[in-house]
Amino acid sequence: MDVSVPGYSPSFKRPPAVVRLRRRRARSPGAAASPPALLEPAPRRAALAAGLPRRPFPAASGSAGGDGPPAARRNPFARLDNRPQAPAEPPDAQTPGTFLDSNQENDLVWEEMLPGRNASELHQIPHVSSSKSDSPSPQSTELPVDWSIKTRLLFTSSQPFTWADHLKAQEEAQGLVQHCRATEVTLPQSIQDPRLSTELRCAFQQSLIYWIHPALSWLPLFPRIGADRKMAGKTSPWSNDETLQHILMNDWSMSFTSLYNLLKTKLCPFFYVCTYQFTVLFRAAGLAGSDVITALVSPTTRGLREAMKNEGIEFSLPLLEENGRKKKVYGASMRPVEEQAISEEDEEESFSWLEEMGVQDKIKKPDILSIKLRKEKYEVQMDHRPESVVLVKGINTFKLLNFLINCKSLVATSGAQAGLPPTLLAPAAFRGATMQMLKARTVNVRTQAVSGYQDQFSLEITGPVMPHALHSVTMMLRSSQKGSFSAALYPHEPTIVFNVPLPLDKALDKEVVYKDLANCGLHPKTLEQLTQVPLLGKSSLRNVAVNDYIYNWRS
């Protein structure tokens with residue numbers, strides 16, 4: 001039912017005609033002498049409160065047919081509230097060490113410094129809103145350890161990144177030698193002119209190197225999960241050649257075994273096995289707070305876990321809790337016969353109430369298979385989810401090694417990845433590995449400020465960025481950018497769960513751990529970070545801001 005208000009008519013239906021009339025009056029000589037806009041009458045305020053359609057104010061009574069100058073009509077598209085608006089505070093200039101608000105993303109104007117590339121190809125930083133309701137981000141002089149693999153890093157700073165462009169041949173060669181010899185490079189806290197610092201440029205080259213097997217330049221071998229579309233149409237001569245597939249798997253098995261031996265002797269701190277279905281992270285003893293070798297597998301399925309149990313591999317599900325009890329441990333001897341017999345007796349007793357009521361013949365009891373499927377329903381539901389991450393420790397990691405080498409389902413039998421062995425990624429050299437480098441390029445960013453536009457500079461790094469590379473690059477940027485920069489991190493989603501904390505039996509002696517892992521090829525500060533217990537859980541670092549050498553991050 002419409003609410004009628006005296007003095008108000010909702011017949012205003014032609015805004016363009018009113019706008020043209022308004023423009024015509026503004027051009028007339030008497031427009032300058034027009035009186036100010038009328039205040040809202042009481043009927044209009046009542047109509048506004050009643051929710052009726054809006055219409056412009058009527059003209060003044062003297063302008064209906066008189067010779068006086070017409071009264072200025074109110075813009076029908078303006079706010080109905082005539083109260084003067086408080087002047088908006090000028091936006092503060094964005095500092096490199098703070099997060100940009102999500103509403104400021106459209107103000108970024110990307111300008112490529114490299115020729116032949118369109119600036120719109122770059123994705124803008126996923127800024128985090130800094131509203132009052134958000135919890136304050138943690139502050140520290142160091143970042144927490146993040147075991148996920150990043151696919152892209154985008155650093156932004158008010159200081160230029162020109163020092164990272166066009167390395168000289170001598171600097172590139174020196175960086176390769178420093179990596180192969182595991183040379184420790186310590187930079188000063190602040191570098192006055194990074195463009196003239198040969199030590200900085202060589203260290204930057206050193207931090208971009210990683211080792212991979214297999215290495216096929218025409219195929220993207222990371223990430224492997226969901227990569228069929230990128231690999232479609234690419235040449236794969238092994239897909240229909242069983243002899244070639246056998247040769248590739250033999251080479252991969254030798255490389256995999258070589259990596260595990262390096263890990264066992266603490267000459268390689270960690271490595272990743274990337275298959276088309278799941279990813280495995282092997283860590284040496286002493287890392288992540290564990291005193292034994294650990295391996296995390298994610299995501300997993302019930303079939304994979306059953307196959308591991310059949311091979312005698314004992315493992316646990318760190319993120320799975322059953323009715324508030326401790327984490328359940330699975331293995332070859334996970335369920336004794338006595339426990340199984342007791343559970344079957346409980347199942348029979350659970351239906352005794354039917355006999356007491358005399359309806360045991362009228363109601364069909366579920367069979368044993370249905371009961372088993374119902375009990376295992378939760379295991380199927382968590383497949384391909386972060387909760388399905390599997391933790392293998394100690395000697396069971398060697399059993400996992402043999403299981404993965406002999407597992408036929410490790411390699412796809414159809415599709416674009418058919419016959420292609422999993423990808424091995426490591427920070428240290430191993431048998432059959434190929435040295436590769438992360439791709440780095442500089443980008444000029446312009447943001448709108450109070451006085452116009454201000455220049456900001458960006459450094460983009462793409463490729464499989466492992467934890468040691470992330471820490472090394474951030475350490476260098478603290479020196480080159482004078483302790484002020486921000487970063488957007490893009491993790492490979494299936495590897496985020498590798499930040500789950502491990503159940504620890506005892507605290508480790510840090511000095512002994514550092515001494516044992518001194519020859520693993522990592523910088524001492526990077527090694528110190530990787531020995532920390534993971535705290536991020538099922539999350540990963542996504543935004544980092546450094547201001548005055550203090551880290552702020554969001555996950």
# chains A, B, ... in the order shown; residues from 1 in each chain; ligands from 1
call {"tool": "residues_around", "arguments": {"residues": "His523 of chain A", "least_positions_apart": "5", "cutoff": "9 Å", "atoms": "only C-alpha atoms", "output": "list in words"}}
result
Ala182, Thr183, Glu184, Val185, Thr186, His468, Ser472, Ala518 and Glu528 of chain A
call {"tool": "closest_atom_pairs", "arguments": {"of": "segment 372-441 of chain A", "to": "segment 494-500 of chain A", "cutoff": "9 Å", "atoms": "only C-alpha atoms", "output": "tab-separated table"}}
result
residue	atom	partner	partner_atom	distance
A:Arg385	CA	A:Pro494	CA	8.7
A:Pro386	CA	A:Val497	CA	6.0
A:Glu387	CA	A:Val497	CA	8.4
A:Val389	CA	A:Val497	CA	7.2
call {"tool": "write_last_selection", "arguments": {"atoms": "C-alpha atoms", "output": "tab-separated table (two decimals), in the first residue's frame"}}
result
chain	number	residue	atom	x	y	z
A	385	ARG	CA	42.01	-31.67	1.58
A	386	PRO	CA	44.68	-30.16	3.87
A	387	GLU	CA	43.54	-32.49	6.68
A	389	VAL	CA	48.45	-34.44	5.03
call {"tool": "select_by_dssp", "arguments": {"residues": "segment 116-301 of chain A", "states": "strand (DSSP E)", "output": "PyMOL selection string"}}
result
chain A and resi 139-140+150-157+209-213+270-274+279-283+294-298
call {"tool": "closest_residue", "arguments": {"among": "A:Lys506, A:Arg201, A:Arg478, A:Arg542", "to": "Glu142 of chain A", "atoms": "only C-alpha atoms"}}
result
A:Arg478
call {"tool": "residues_around", "arguments": {"residues": "Ile191 of chain A", "least_positions_apart": "5", "cutoff": "10 Å", "atoms": "only C-alpha atoms", "output": "PyMOL selection string"}}
result
chain A and resi 196-197+200+476-482
call {"tool": "residues_around", "arguments": {"residues": "Lys230 of chain A", "least_positions_apart": "3", "cutoff": "10 Å", "atoms": "only C-alpha atoms", "output": "JSON, numbers by chain"}}
result
{"A": [219, 220, 221, 224, 226, 227, 233, 234, 416]}
call {"tool": "closest_residue", "arguments": {"among": "A:Cys268, A:Met475, A:Val445, A:Leu167", "to": "Lys525 of chain A", "atoms": "only C-alpha atoms"}}
result
A:Met475
call {"tool": "residues_around", "arguments": {"residues": "segment 257-267 of chain A", "least_positions_apart": "2", "cutoff": "12 Å", "atoms": "only C-alpha atoms", "output": "PyMOL selection string"}}
result
chain A and resi 182+211-213+250-255+269-273+281-287+292-295+394-395+397-402+404-405+424-433+513-522
call {"tool": "atom_distance", "arguments": {"atom1": "atom CA of Asp291 of chain A", "atom2": "atom CA of Ile209 of chain A"}}
result
28.1 Å
call {"tool": "atom_distance", "arguments": {"atom1": "atom CA of Ser158 of chain A", "atom2": "atom CA of Gln456 of chain A"}}
result
4.7 Å
call {"tool": "closest_residue", "arguments": {"among": "A:Pro503, A:Ile461, A:Ser388, A:Ile225", "to": "Gly303 of chain A", "atoms": "only C-alpha atoms"}}
result
A:Ser388
call {"tool": "closest_residue", "arguments": {"among": "A:Lys150, A:Arg22, A:Arg181, A:Arg229", "to": "Gly415 of chain A", "atoms": "only C-alpha atoms"}}
result
A:Arg229
call {"tool": "closest_residue", "arguments": {"among": "A:Leu296, A:Cys202, A:Leu410, A:Ala469", "to": "Lys393 of chain A", "atoms": "only C-alpha atoms"}}
result
A:Leu296
call {"tool": "select_by_dssp", "arguments": {"residues": "segment 466-538 of chain A", "states": "helix (DSSP H, G or I)", "output": "ChimeraX atom specification"}}
result
/A:467-480,493-499,510-516,524-530
call {"tool": "decode", "arguments": {"residues": "segment 157-275 of chain A", "atoms": "C-alpha atoms", "output": "mmCIF file, in the first residue's frame"}}
result
data_model
loop_
_atom_site.group_PDB
_atom_site.id
_atom_site.type_symbol
_atom_site.label_atom_id
_atom_site.label_comp_id
_atom_site.auth_asym_id
_atom_site.auth_seq_id
_atom_site.Cartn_x
_atom_site.Cartn_y
_atom_site.Cartn_z
ATOM 1 C CA SER A 157 59.893 -0.267 -2.618
ATOM 2 C CA SER A 158 60.478 3.454 -2.916
ATOM 3 C CA GLN A 159 64.130 2.685 -3.674
ATOM 4 C CA PRO A 160 64.963 1.517 -7.226
ATOM 5 C CA PHE A 161 65.849 -2.078 -8.100
ATOM 6 C CA THR A 162 68.145 -1.124 -10.972
ATOM 7 C CA TRP A 163 70.976 -3.014 -9.286
ATOM 8 C CA ALA A 164 69.198 -6.303 -10.144
ATOM 9 C CA ASP A 165 69.208 -5.580 -13.906
ATOM 10 C CA HIS A 166 71.729 -6.667 -16.533
ATOM 11 C CA LEU A 167 74.362 -8.439 -14.495
ATOM 12 C CA LYS A 168 77.814 -8.415 -15.976
ATOM 13 C CA ALA A 169 79.314 -11.659 -17.222
ATOM 14 C CA GLN A 170 81.852 -11.638 -14.417
ATOM 15 C CA GLU A 171 79.155 -11.066 -11.780
ATOM 16 C CA GLU A 172 77.018 -13.869 -13.158
ATOM 17 C CA ALA A 173 79.952 -16.269 -13.180
ATOM 18 C CA GLN A 174 80.938 -15.259 -9.650
ATOM 19 C CA GLY A 175 77.402 -15.892 -8.425
ATOM 20 C CA LEU A 176 77.409 -19.391 -9.929
ATOM 21 C CA VAL A 177 80.740 -20.193 -8.312
ATOM 22 C CA GLN A 178 79.550 -18.894 -4.938
ATOM 23 C CA HIS A 179 76.527 -21.158 -5.113
ATOM 24 C CA CYS A 180 78.477 -24.260 -6.097
ATOM 25 C CA ARG A 181 81.048 -23.661 -3.350
ATOM 26 C CA ALA A 182 78.398 -22.644 -0.789
ATOM 27 C CA THR A 183 80.194 -19.365 -0.142
ATOM 28 C CA GLU A 184 78.786 -17.401 2.781
ATOM 29 C CA VAL A 185 78.114 -13.763 1.852
ATOM 30 C CA THR A 186 77.394 -11.245 4.604
ATOM 31 C CA LEU A 187 76.113 -7.849 3.465
ATOM 32 C CA PRO A 188 76.144 -4.634 5.535
ATOM 33 C CA GLN A 189 72.904 -3.442 7.083
ATOM 34 C CA SER A 190 72.547 -0.644 4.535
ATOM 35 C CA ILE A 191 74.221 -0.228 1.145
ATOM 36 C CA GLN A 192 74.583 3.367 0.039
ATOM 37 C CA ASP A 193 74.687 2.745 -3.727
ATOM 38 C CA PRO A 194 73.467 -0.775 -4.589
ATOM 39 C CA ARG A 195 74.220 -0.289 -8.298
ATOM 40 C CA LEU A 196 77.935 -0.153 -7.560
ATOM 41 C CA SER A 197 77.911 -3.098 -5.141
ATOM 42 C CA THR A 198 79.342 -6.087 -6.983
ATOM 43 C CA GLU A 199 78.994 -8.180 -3.843
ATOM 44 C CA LEU A 200 75.231 -7.554 -3.747
ATOM 45 C CA ARG A 201 74.714 -8.400 -7.422
ATOM 46 C CA CYS A 202 76.715 -11.639 -7.112
ATOM 47 C CA ALA A 203 74.760 -12.636 -4.006
ATOM 48 C CA PHE A 204 71.503 -11.968 -5.837
ATOM 49 C CA GLN A 205 72.615 -14.262 -8.650
ATOM 50 C CA GLN A 206 73.555 -16.894 -6.080
ATOM 51 C CA SER A 207 70.120 -16.811 -4.395
ATOM 52 C CA LEU A 208 68.215 -17.467 -7.664
ATOM 53 C CA ILE A 209 69.801 -20.856 -8.391
ATOM 54 C CA TYR A 210 68.002 -24.154 -7.790
ATOM 55 C CA TRP A 211 68.392 -27.763 -8.984
ATOM 56 C CA ILE A 212 65.750 -29.777 -10.796
ATOM 57 C CA HIS A 213 65.249 -33.219 -12.338
ATOM 58 C CA PRO A 214 64.056 -33.955 -14.976
ATOM 59 C CA ALA A 215 64.769 -30.787 -16.957
ATOM 60 C CA LEU A 216 62.933 -30.363 -20.263
ATOM 61 C CA SER A 217 63.117 -26.814 -21.542
ATOM 62 C CA TRP A 218 59.915 -27.040 -23.591
ATOM 63 C CA LEU A 219 57.789 -28.366 -20.703
ATOM 64 C CA PRO A 220 56.833 -26.533 -17.474
ATOM 65 C CA LEU A 221 57.791 -29.073 -14.810
ATOM 66 C CA PHE A 222 56.475 -27.074 -11.871
ATOM 67 C CA PRO A 223 53.803 -27.082 -10.660
ATOM 68 C CA ARG A 224 52.729 -30.583 -11.659
ATOM 69 C CA ILE A 225 49.304 -30.650 -10.001
ATOM 70 C CA GLY A 226 46.781 -29.310 -12.501
ATOM 71 C CA ALA A 227 49.425 -28.739 -15.187
ATOM 72 C CA ASP A 228 47.762 -30.807 -17.924
ATOM 73 C CA ARG A 229 46.361 -27.718 -19.614
ATOM 74 C CA LYS A 230 49.783 -26.039 -19.809
ATOM 75 C CA MET A 231 51.384 -29.212 -21.120
ATOM 76 C CA ALA A 232 48.678 -29.955 -23.667
ATOM 77 C CA GLY A 233 49.969 -29.947 -27.215
ATOM 78 C CA LYS A 234 53.639 -30.126 -26.154
ATOM 79 C CA THR A 235 55.915 -32.775 -27.624
ATOM 80 C CA SER A 236 56.214 -35.868 -25.409
ATOM 81 C CA PRO A 237 57.957 -38.694 -27.299
ATOM 82 C CA TRP A 238 57.916 -40.964 -24.222
ATOM 83 C CA SER A 239 54.123 -41.065 -23.887
ATOM 84 C CA ASN A 240 53.787 -44.064 -26.236
ATOM 85 C CA ASP A 241 57.294 -45.491 -25.917
ATOM 86 C CA GLU A 242 57.636 -47.926 -23.006
ATOM 87 C CA THR A 243 61.384 -48.278 -23.505
ATOM 88 C CA LEU A 244 61.904 -44.533 -23.172
ATOM 89 C CA GLN A 245 59.622 -44.437 -20.125
ATOM 90 C CA HIS A 246 61.708 -47.167 -18.493
ATOM 91 C CA ILE A 247 64.924 -45.180 -19.138
ATOM 92 C CA LEU A 248 63.407 -41.999 -17.686
ATOM 93 C CA MET A 249 62.229 -43.818 -14.553
ATOM 94 C CA ASN A 250 65.654 -45.437 -14.029
ATOM 95 C CA ASP A 251 67.357 -42.039 -14.206
ATOM 96 C CA TRP A 252 64.742 -40.561 -11.892
ATOM 97 C CA SER A 253 65.184 -43.391 -9.363
ATOM 98 C CA MET A 254 68.946 -42.792 -9.233
ATOM 99 C CA SER A 255 68.427 -39.055 -8.752
ATOM 100 C CA PHE A 256 65.827 -39.653 -6.038
ATOM 101 C CA THR A 257 68.110 -42.082 -4.194
ATOM 102 C CA SER A 258 71.024 -39.643 -4.497
ATOM 103 C CA LEU A 259 68.935 -36.877 -2.946
ATOM 104 C CA TYR A 260 67.872 -39.056 -0.027
ATOM 105 C CA ASN A 261 71.491 -40.065 0.655
ATOM 106 C CA LEU A 262 72.508 -36.400 0.686
ATOM 107 C CA LEU A 263 69.624 -35.681 3.058
ATOM 108 C CA LYS A 264 70.599 -38.542 5.343
ATOM 109 C CA THR A 265 74.208 -37.328 5.559
ATOM 110 C CA LYS A 266 72.944 -33.739 6.116
ATOM 111 C CA LEU A 267 74.584 -32.414 2.967
ATOM 112 C CA CYS A 268 71.182 -31.422 1.556
ATOM 113 C CA PRO A 269 68.742 -29.752 3.975
ATOM 114 C CA PHE A 270 65.474 -30.617 2.187
ATOM 115 C CA PHE A 271 63.954 -31.435 -1.178
ATOM 116 C CA TYR A 272 60.542 -31.747 -2.828
ATOM 117 C CA VAL A 273 59.008 -34.535 -4.910
ATOM 118 C CA CYS A 274 56.240 -33.100 -7.106
ATOM 119 C CA THR A 275 53.912 -35.631 -8.748
#
